[in-house]
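The next block holds one structure in the form of structure tokens; read it before the comments.
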Amino acid sequence: MIVAIIAACEILFWVFVIAGLAARYLLERRRLGAALLVMAPVTDLVLLAATAISLHRGDAAHLGHAVAAVYIGFSVAYGHRMIDWCDTRFAHRFAAGPAPVKATGATYTRQCWADVARTSVAAAITCTLTAVLIAIAADTSSAGALSGNYTWMGVILGLDVLWAVSYTLWPRRASTNG
């Protein structure tokens, strides 16, 4: 059941983002657009509540519960950036906004290190949520299914650091294709 809730929350997140941007740029209703965009992170709260209730009422912890914590961590840490990314492209396509610029050189390297910071925040949120979910789980015998998040967050953060280091040593060059 929790996997279906994760899928529904992910779908609703993007429905609210697209509807918010459509209201902002196609309908020229900025307040409505802002209200719809605010609803996107509310889906994370719904997912968090559903996960906590599921574990508290005695459901055995499984991969779906672990993924919920990871999803929420990354959604909180990267959600604003994803919405900005979509906003830039939507404004360009539908409201004569400036074209998105592909970052290169030192600018891209700084973005990579900013992503390391975001991934660190996502890992911290995920690990904190994981600890809380383990603490409230009524069925403590299955809590081990959640503790794998600690290792995965370390691996993901390590890979993100390697990515940033690689672009620090070998900065992204501007495309020579016209």
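Every chain in the structure tokens takes a letter, A first, then B, and so on in the order presented; its residues are numbered from 1, and the ligands are numbered from 1 following the presented order.
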Nearby residues (only C-alpha atoms) at most 7 Å from Leu36 in chain A, same-chain spacing under 6 positions excluded, as a PyMOL selection string: chain A and resi 16-17+19-20
Shell of 8 Å around range 162-176 of chain A, only C-alpha atoms, local chain residues under 4 positions omitted, as a short mmCIF file (atom, residue, chain, number, x, y, z; two decimals) with N, CA and C atoms, in the first residue's frame:
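Written out: selection.cif:
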data_model
loop_
_atom_site.label_atom_id
_atom_site.label_comp_id
_atom_site.auth_asym_id
_atom_site.auth_seq_id
_atom_site.Cartn_x
_atom_site.Cartn_y
_atom_site.Cartn_z
N THR A 104 28.60 26.08 -17.63
CA THR A 104 29.90 25.48 -17.97
C THR A 104 30.96 26.03 -17.03
N GLY A 105 32.14 25.46 -17.11
CA GLY A 105 33.29 25.96 -16.36
C GLY A 105 33.06 26.05 -14.87
N ALA A 106 33.54 27.15 -14.30
CA ALA A 106 33.46 27.36 -12.86
C ALA A 106 32.01 27.45 -12.37
N TYR A 108 29.40 25.77 -13.52
CA TYR A 108 28.89 24.41 -13.36
C TYR A 108 29.53 23.73 -12.15
N THR A 109 30.81 23.97 -11.94
CA THR A 109 31.50 23.39 -10.79
C THR A 109 30.84 23.87 -9.49
N CYS A 112 27.69 22.04 -8.99
CA CYS A 112 27.94 20.67 -8.52
C CYS A 112 28.15 20.66 -7.00
N TRP A 113 28.93 21.61 -6.49
CA TRP A 113 29.18 21.67 -5.05
C TRP A 113 27.92 22.09 -4.30
N VAL A 116 26.08 19.02 -3.84
CA VAL A 116 26.63 18.24 -2.73
C VAL A 116 26.00 18.71 -1.42
N GLY A 158 28.57 10.12 -1.32
CA GLY A 158 29.93 9.87 -1.83
C GLY A 158 30.01 10.02 -3.33
#
Those of range 2-178 of chain A in DSSP alpha helix (DSSP H), formatted as number ranges by chain: A: 2-25, 30-56, 63-94, 105-136, 144-169
Who sits within 9 Å of Gly144 in chain A, only C-alpha atoms, same chain under 2 positions skipped, as a list in words: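 The filter keeps Ala61, His62, Ile134, Thr140, Ser141, Ser142, Leu146, Ser147 and Gly148 of chain A.
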Requested write-out: N, CA, C and O atoms of the selected residues, as a compact mmCIF listing (two decimals), in the first residue's frame:
# COMPACT_ATOMS: atom_id res chain seq x y z
N ALA A 61 7.90 -3.13 8.50
CA ALA A 61 8.67 -2.20 7.67
C ALA A 61 9.23 -2.95 6.46
O ALA A 61 9.66 -4.09 6.58
N HIS A 62 9.20 -2.30 5.31
CA HIS A 62 9.75 -2.91 4.10
C HIS A 62 10.37 -1.82 3.24
O HIS A 62 10.41 -0.64 3.62
N ILE A 134 11.91 4.24 12.63
CA ILE A 134 12.33 3.06 13.40
C ILE A 134 11.81 3.17 14.84
O ILE A 134 11.33 2.20 15.41
N THR A 140 9.09 -3.85 15.76
CA THR A 140 10.52 -3.54 15.76
C THR A 140 11.35 -4.63 15.10
O THR A 140 12.49 -4.37 14.72
N SER A 141 10.79 -5.80 14.93
CA SER A 141 11.57 -6.89 14.31
C SER A 141 11.86 -6.63 12.84
O SER A 141 12.80 -7.18 12.29
N SER A 142 11.07 -5.78 12.20
CA SER A 142 11.28 -5.51 10.77
C SER A 142 11.98 -4.18 10.53
O SER A 142 12.17 -3.78 9.37
N LEU A 146 14.53 -0.64 7.27
CA LEU A 146 14.69 0.80 7.15
C LEU A 146 16.15 1.23 7.30
O LEU A 146 16.58 2.20 6.70
N SER A 147 16.91 0.49 8.10
CA SER A 147 18.27 0.94 8.43
C SER A 147 19.23 0.93 7.25
O SER A 147 20.28 1.56 7.30
N GLY A 148 18.87 0.27 6.17
CA GLY A 148 19.69 0.31 4.96
C GLY A 148 19.79 1.71 4.38
O GLY A 148 20.72 2.01 3.61
Point-to-point distance in Å for CA of Leu21 in chain A and CA of Ala69 in chain A: 27.0 Å
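Between CA of Pro100 in chain A and CA of Leu37 in chain A lies a distance of 20.5 Å.
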Shortest interatomic distance to Gly73 in chain A - which of A:His56, A:Arg110, A:Arg118, A:Arg31, counting only C-alpha atoms: A:Arg118
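Residues surrounding Gly58 in chain A within 7 Å are Ser54, Leu55, Ala137, Ala138 and Asp139 of chain A [only C-alpha atoms; sequence separation below 3 positions excluded].
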Go ahead and write the selection's residues with all heavy atoms as a PDB file, in the first residue's frame.
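Result written to out-v1.pdb:
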ATOM      1  N   SER A  54       1.343   3.894   9.012  1.00  0.00           N
ATOM      2  CA  SER A  54       1.509   2.496   8.617  1.00  0.00           C
ATOM      3  C   SER A  54       2.416   1.741   9.591  1.00  0.00           C
ATOM      4  O   SER A  54       2.086   0.653  10.062  1.00  0.00           O
ATOM      5  CB  SER A  54       2.081   2.428   7.198  1.00  0.00           C
ATOM      6  OG  SER A  54       2.482   1.120   6.874  1.00  0.00           O
ATOM      7  N   LEU A  55       3.548   2.334   9.914  1.00  0.00           N
ATOM      8  CA  LEU A  55       4.495   1.671  10.813  1.00  0.00           C
ATOM      9  C   LEU A  55       3.985   1.651  12.245  1.00  0.00           C
ATOM     10  O   LEU A  55       4.153   0.656  12.966  1.00  0.00           O
ATOM     11  CB  LEU A  55       5.860   2.353  10.746  1.00  0.00           C
ATOM     12  CG  LEU A  55       6.619   2.149   9.443  1.00  0.00           C
ATOM     13  CD1 LEU A  55       7.846   3.033   9.398  1.00  0.00           C
ATOM     14  CD2 LEU A  55       6.992   0.686   9.267  1.00  0.00           C
ATOM     15  N   ALA A 137       7.978   2.565  14.958  1.00  0.00           N
ATOM     16  CA  ALA A 137       7.480   1.303  14.409  1.00  0.00           C
ATOM     17  C   ALA A 137       7.013   0.383  15.535  1.00  0.00           C
ATOM     18  O   ALA A 137       7.743   0.127  16.495  1.00  0.00           O
ATOM     19  CB  ALA A 137       8.559   0.627  13.584  1.00  0.00           C
ATOM     20  N   ALA A 138       5.791  -0.099  15.414  1.00  0.00           N
ATOM     21  CA  ALA A 138       5.260  -1.027  16.409  1.00  0.00           C
ATOM     22  C   ALA A 138       5.905  -2.398  16.258  1.00  0.00           C
ATOM     23  O   ALA A 138       6.125  -3.100  17.234  1.00  0.00           O
ATOM     24  CB  ALA A 138       3.741  -1.124  16.272  1.00  0.00           C
ATOM     25  N   ASP A 139       6.228  -2.779  15.029  1.00  0.00           N
ATOM     26  CA  ASP A 139       6.883  -4.062  14.750  1.00  0.00           C
ATOM     27  C   ASP A 139       8.385  -3.810  14.622  1.00  0.00           C
ATOM     28  O   ASP A 139       8.902  -3.579  13.538  1.00  0.00           O
ATOM     29  CB  ASP A 139       6.322  -4.660  13.461  1.00  0.00           C
ATOM     30  CG  ASP A 139       6.963  -5.993  13.082  1.00  0.00           C
ATOM     31  OD1 ASP A 139       7.785  -6.519  13.871  1.00  0.00           O
ATOM     32  OD2 ASP A 139       6.640  -6.502  12.000  1.00  0.00           O
TER      33      ASP A 139
END
All residues 12 Å or closer to Ala4 in chain A, only C-alpha atoms, same chain fewer than 4 positions away omitted, as a ChimeraX atom specification: /A:8-11,47,50-51,64-65,67-68
Pick from A:Ala143, A:Ala114, A:Leu129, A:Met39, whichever lies nearest to Val161 in chain A using only C-alpha atoms: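 Closest to Val161 in chain A, using only C-alpha atoms: A:Ala114.
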